[in-house]
Each structure stands twice: as structure tokens, then as C-alpha cells.
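Chemist: So I've got this file, start-v4.cif, and it contains mmCIF, C-alpha atoms:
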```cif
data_structure
#
loop_
_atom_site.label_atom_id
_atom_site.label_comp_id
_atom_site.auth_asym_id
_atom_site.auth_seq_id
_atom_site.Cartn_x
_atom_site.Cartn_y
_atom_site.Cartn_z
CA LEU A 300 93.66 110.22 80.72
CA ILE A 301 90.41 112.06 81.24
CA LEU A 302 90.86 115.82 81.32
CA ALA A 303 87.91 117.27 83.18
CA GLY A 304 87.59 120.66 81.54
CA TYR A 305 89.79 122.71 79.25
CA SER A 306 92.57 125.06 80.32
CA THR A 307 96.04 125.83 79.01
CA VAL A 308 97.37 123.29 81.53
CA ALA A 309 94.94 120.67 80.18
CA GLU A 310 96.16 121.37 76.65
CA VAL A 311 99.80 120.78 77.61
CA CYS A 312 98.84 117.70 79.67
CA ALA A 313 97.12 116.30 76.56
CA ASN A 314 100.29 116.74 74.51
CA PHE A 315 102.51 115.17 77.19
CA ALA A 316 100.06 112.30 77.69
CA ILE A 317 99.93 111.50 73.98
CA SER A 318 103.72 111.43 73.83
CA LEU A 319 103.64 108.99 76.76
CA GLY A 320 101.20 106.70 74.95
CA TYR A 321 98.02 107.61 76.81
CA GLN A 322 94.58 107.69 75.24
CA VAL A 323 93.28 111.20 76.01
CA VAL A 324 89.70 112.39 76.42
CA LEU A 325 88.84 116.04 77.12
CA CYS A 326 85.35 116.80 78.42
CA ASP A 327 84.04 120.33 78.66
CA PRO A 328 80.51 121.64 78.00
CA ARG A 329 81.53 125.31 78.02
CA GLU A 330 81.15 126.38 74.40
CA GLU A 331 82.65 129.79 75.11
CA VAL A 332 85.85 128.08 76.32
CA THR A 333 86.08 125.28 73.77
CA ARG A 334 84.88 127.09 70.62
CA ASP A 335 88.39 127.52 69.19
CA LEU A 336 90.11 124.44 70.61
CA ASN A 337 93.33 123.48 68.91
CA LEU A 338 94.01 120.04 70.32
CA PRO A 339 96.06 117.26 68.76
CA GLY A 340 93.97 115.00 66.53
CA GLU A 341 94.49 112.08 68.92
CA VAL A 342 92.51 113.82 71.67
CA GLU A 343 88.86 112.85 71.82
CA PHE A 344 86.77 115.91 72.66
CA ILE A 345 83.41 115.38 74.34
CA PRO A 346 81.29 118.53 74.83
CA GLN A 347 79.74 117.22 78.02
CA LEU A 348 80.00 117.95 81.72
CA PRO A 349 83.03 115.86 82.80
CA SER A 350 81.24 114.45 85.84
CA LEU A 351 78.58 112.89 83.60
CA TYR A 352 81.19 111.32 81.35
CA ILE A 353 83.26 110.07 84.31
CA ALA A 354 80.18 108.51 85.93
CA SER A 355 79.24 106.59 82.77
CA PRO A 356 79.54 102.84 83.41
CA GLY A 357 82.84 101.39 82.23
CA THR A 358 84.49 104.76 81.59
CA CYS A 359 87.01 104.61 84.43
CA THR A 360 89.23 101.65 85.17
CA PRO A 361 92.24 101.24 87.47
CA SER A 362 94.44 102.44 84.56
CA THR A 363 92.43 105.66 84.15
CA ALA A 364 93.73 109.01 85.39
CA VAL A 365 91.19 111.79 85.97
CA VAL A 366 92.62 115.30 86.05
CA ALA A 367 90.75 118.56 86.71
CA VAL A 368 92.68 121.75 86.01
CA THR A 369 90.12 124.47 85.28
CA HIS A 370 90.06 126.38 88.60
CA ASP A 371 86.26 126.31 88.16
CA PRO A 372 84.66 124.52 91.14
CA ARG A 373 81.55 123.78 89.07
CA ILE A 374 83.71 121.65 86.79
CA ASP A 375 86.48 120.48 89.12
CA ASP A 376 84.43 119.65 92.24
CA LEU A 377 81.76 117.73 90.33
CA ALA A 378 84.45 115.80 88.48
CA MET A 379 86.12 114.85 91.77
CA MET A 380 82.79 113.78 93.29
CA ALA A 381 82.17 111.49 90.31
CA ALA A 382 85.74 110.19 90.02
CA VAL A 383 86.04 108.96 93.62
CA LYS A 384 83.02 106.71 93.00
CA THR A 385 84.94 104.92 90.22
CA THR A 386 87.96 102.62 90.10
CA ALA A 387 90.16 105.32 88.51
CA GLY A 388 93.78 104.77 89.50
CA TYR A 389 94.68 108.45 89.70
CA ILE A 390 92.41 111.36 90.59
CA GLY A 391 93.79 114.86 90.88
CA VAL A 392 92.73 118.49 90.94
CA MET A 393 94.74 121.68 90.57
CA GLY A 394 94.92 124.36 93.24
CA SER A 395 97.14 125.76 95.94
CA VAL A 396 97.39 124.13 99.36
CA ARG A 397 94.85 126.64 100.71
CA THR A 398 92.49 126.09 97.76
CA SER A 399 92.84 122.32 98.18
CA GLN A 400 91.96 122.52 101.89
CA ALA A 401 88.89 124.63 101.07
CA ARG A 402 87.93 122.17 98.32
CA ALA A 403 88.27 119.20 100.70
CA ASP A 404 86.01 120.96 103.21
CA ARG A 405 83.50 121.75 100.46
CA LEU A 406 83.57 118.16 99.16
CA ARG A 407 82.91 116.86 102.69
CA ARG A 408 80.17 119.37 103.42
CA THR A 409 78.29 119.72 100.12
CA GLY A 410 79.54 116.70 98.22
CA GLY A 411 79.08 114.22 101.04
CA LEU A 412 82.46 112.64 100.43
CA THR A 413 84.05 110.48 103.09
CA GLU A 414 87.62 110.90 104.32
CA SER A 415 88.72 107.83 102.36
CA GLU A 416 87.21 109.28 99.19
CA ILE A 417 88.91 112.64 99.77
CA ASP A 418 92.19 110.83 100.46
CA ARG A 419 92.01 109.35 96.92
CA ILE A 420 92.25 112.82 95.41
CA HIS A 421 95.72 114.21 94.72
CA MET A 422 95.39 117.85 95.72
CA PRO A 423 97.35 119.87 95.07
CA ILE A 424 97.91 117.80 91.96
CA GLY A 425 101.31 116.80 90.65
CA LEU A 426 104.81 116.52 92.00
CA ASP A 427 106.01 119.53 93.98
CA LEU A 428 108.45 120.96 91.43
CA GLY A 429 107.76 124.61 92.18
CA SER A 430 105.96 124.77 88.84
CA LYS A 431 104.74 128.15 87.58
CA THR A 432 104.02 127.92 83.84
CA PRO A 433 101.34 125.73 82.21
CA ALA A 434 104.06 123.47 80.77
CA GLU A 435 105.79 123.08 84.15
CA ILE A 436 102.47 122.35 85.87
CA ALA A 437 101.54 119.80 83.21
CA LEU A 438 104.96 118.16 83.53
CA ALA A 439 104.47 117.86 87.31
CA ILE A 440 101.00 116.37 86.80
CA MET A 441 102.06 113.81 84.21
CA ALA A 442 105.15 112.87 86.25
CA ASP A 443 102.92 112.20 89.27
CA ILE A 444 100.53 110.10 87.18
CA VAL A 445 103.46 108.02 85.93
CA ARG A 446 104.81 107.73 89.50
CA VAL A 447 101.47 106.38 90.76
CA ARG A 448 101.04 104.11 87.74
CA ARG A 449 104.48 102.60 88.38
CA GLY A 450 103.72 102.08 92.08
CA ARG A 451 106.30 104.52 93.41
CA VAL A 452 105.79 106.32 96.71
CA PRO A 453 106.10 110.09 96.90
CA VAL A 454 109.64 111.41 97.39
CA ASN A 455 108.53 113.59 100.32
CA PRO A 456 105.32 112.01 101.62
#
```
Go ahead and express the file in the form of C-alpha cells.

Modeler:
Amino acid sequence: LILAGYSTVAEVCANFAISLGYQVVLCDPREEVTRDLNLPGEVEFIPQLPSLYIASPGTCTPSTAVVAVTHDPRIDDLAMMAAVKTTAGYIGVMGSVRTSQARADRLRRTGGLTESEIDRIHMPIGLDLGSKTPAEIALAIMADIVRVRRGRVPVNP
């Protein structure tokens, strides 16, 4: 699991992912955000722009999930633009339906992404559980990653 940027949701996702047996990498260059990180020891922290890490040869494989949950388009959009160029098996970004539509338009217009690339991105991310808290959102995200990994179709496509 590559967490593109830190947030409280990313922190809970990291904990869930570790409990599920995932190797977890968190990338975030924002020193003001990551200065006092308190992540589990199993999480590899890379103080780098996530898009640069994601684009590194061999970083993403079909078993890789890339998740962006910062609500910062400078982090999230760049991560999505890099991730769709890889073989990552799951790519997702947090945001409401309206935010996701605006992001898709922005990724088409300024990112140059094709419809098939945009279709690879799970947005809004996660299963629709009506999640509100960081833990509920992280649960929905990790459940969706497991669903995709196990080859299950969405309950309400």
C-alpha cells in the first residue's frame, strides 16, 4: 500500500493495512505536516513527493494499491497522474462525488489523462458505507482494496 500524502485517514489506513498483512509506504514531502508523525514502526516513511516515488521504475506492481487521502490537489492529483501510468492494481483518491467529478475534469484537462486512465481511479474512494470519521473512511478504503484484490465486483455498481 502506497499512501500518497499524510492525513488522519492515511494514518488509520496504515494501521488497518498492517493488520491485514500489507507492506505500507507513506510518501509526503510536507515537513510541516509530517514533522511529528506517529506511525507504526512497520510503515516506511519517504519524505518525497508521492508522484515521484510512484513513478520510480518497479515501485508499482499489480499487487500495489495507491491511495491519496490528503484533500490537497497538489499531492492527490499528481499521485493519480503517476499511478495510472503504472500497473498498480488499485488506485483511489478521497473526495465527495462533486469533488471527484471536478478532479476527473481537471485530470483530463490539465493532466492529459484519457478516459481509460480516469476509469482506473476509484473516486470517490472506498465502499459506500456512509463513512464520516477517519476510522470509518479508512475501513471503507481498505475494504474496497481487499474487494478488488479478491476479484469481487462492487455490490452496487

Chemist: Could you tell me which residues the PyMOL selection byres ((chain A and resi 321-338) around 9) grabs in this file, written as a PyMOL selection string?

Modeler: chain A and resi 300-306+309-310+313-320+339-350+352+374

Chemist: I'd like to know which of A:Val365, A:Met380, A:Met393, A:Val311 is closest to Gly425 (chain A), using all atoms listed in the file.

Modeler: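 Checking each of A:Val365, A:Met380, A:Met393, A:Val311 against Gly425 (chain A), counting all atoms listed in the file, the winner is A:Met393.
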
Chemist: From the list A:Cys312, A:Ala382, A:Ala367, A:Val396, which residue is nearest Ala434 (chain A) when using only C-alpha atoms?

Modeler: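 The shortest atom-to-atom distance to Ala434 (chain A) comes from A:Cys312.
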
Chemist: Once the PyMOL selection byres ((chain A and resi 438-442) around 8) is applied to the coordinates I shared, what remains selected? I want it as a PyMOL selection string.

Modeler: chain A and resi 312+315-316+424-428+430+434-437+443-446

Chemist: Please list as a PyMOL selection string every residue within 7 Å of region 358-362 of chain A, counting only C-alpha atoms and excluding residues in the same chain fewer than 4 positions away.

Modeler: chain A and resi 353+385-388

Chemist: What separation in Å, quoted to one decimal, exists between CA of Asp418 (chain A) and CA of Thr432 (chain A)?

Modeler: 26.6 Å

Chemist: Name the residues captured by the PyMOL selection byres ((chain A and resi 411) around 12) when it is applied to the shown file; answer as a ChimeraX atom specification.

Modeler: /A:376-377,379-381,383-384,403-410,412-417

Chemist: So how many Å separate CA of Asp371 (chain A) and CA of Gly394 (chain A), to one decimal?

Modeler: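 Straight-line distance from CA of Asp371 (chain A) to CA of Gly394 (chain A) works out to 10.2 Å.
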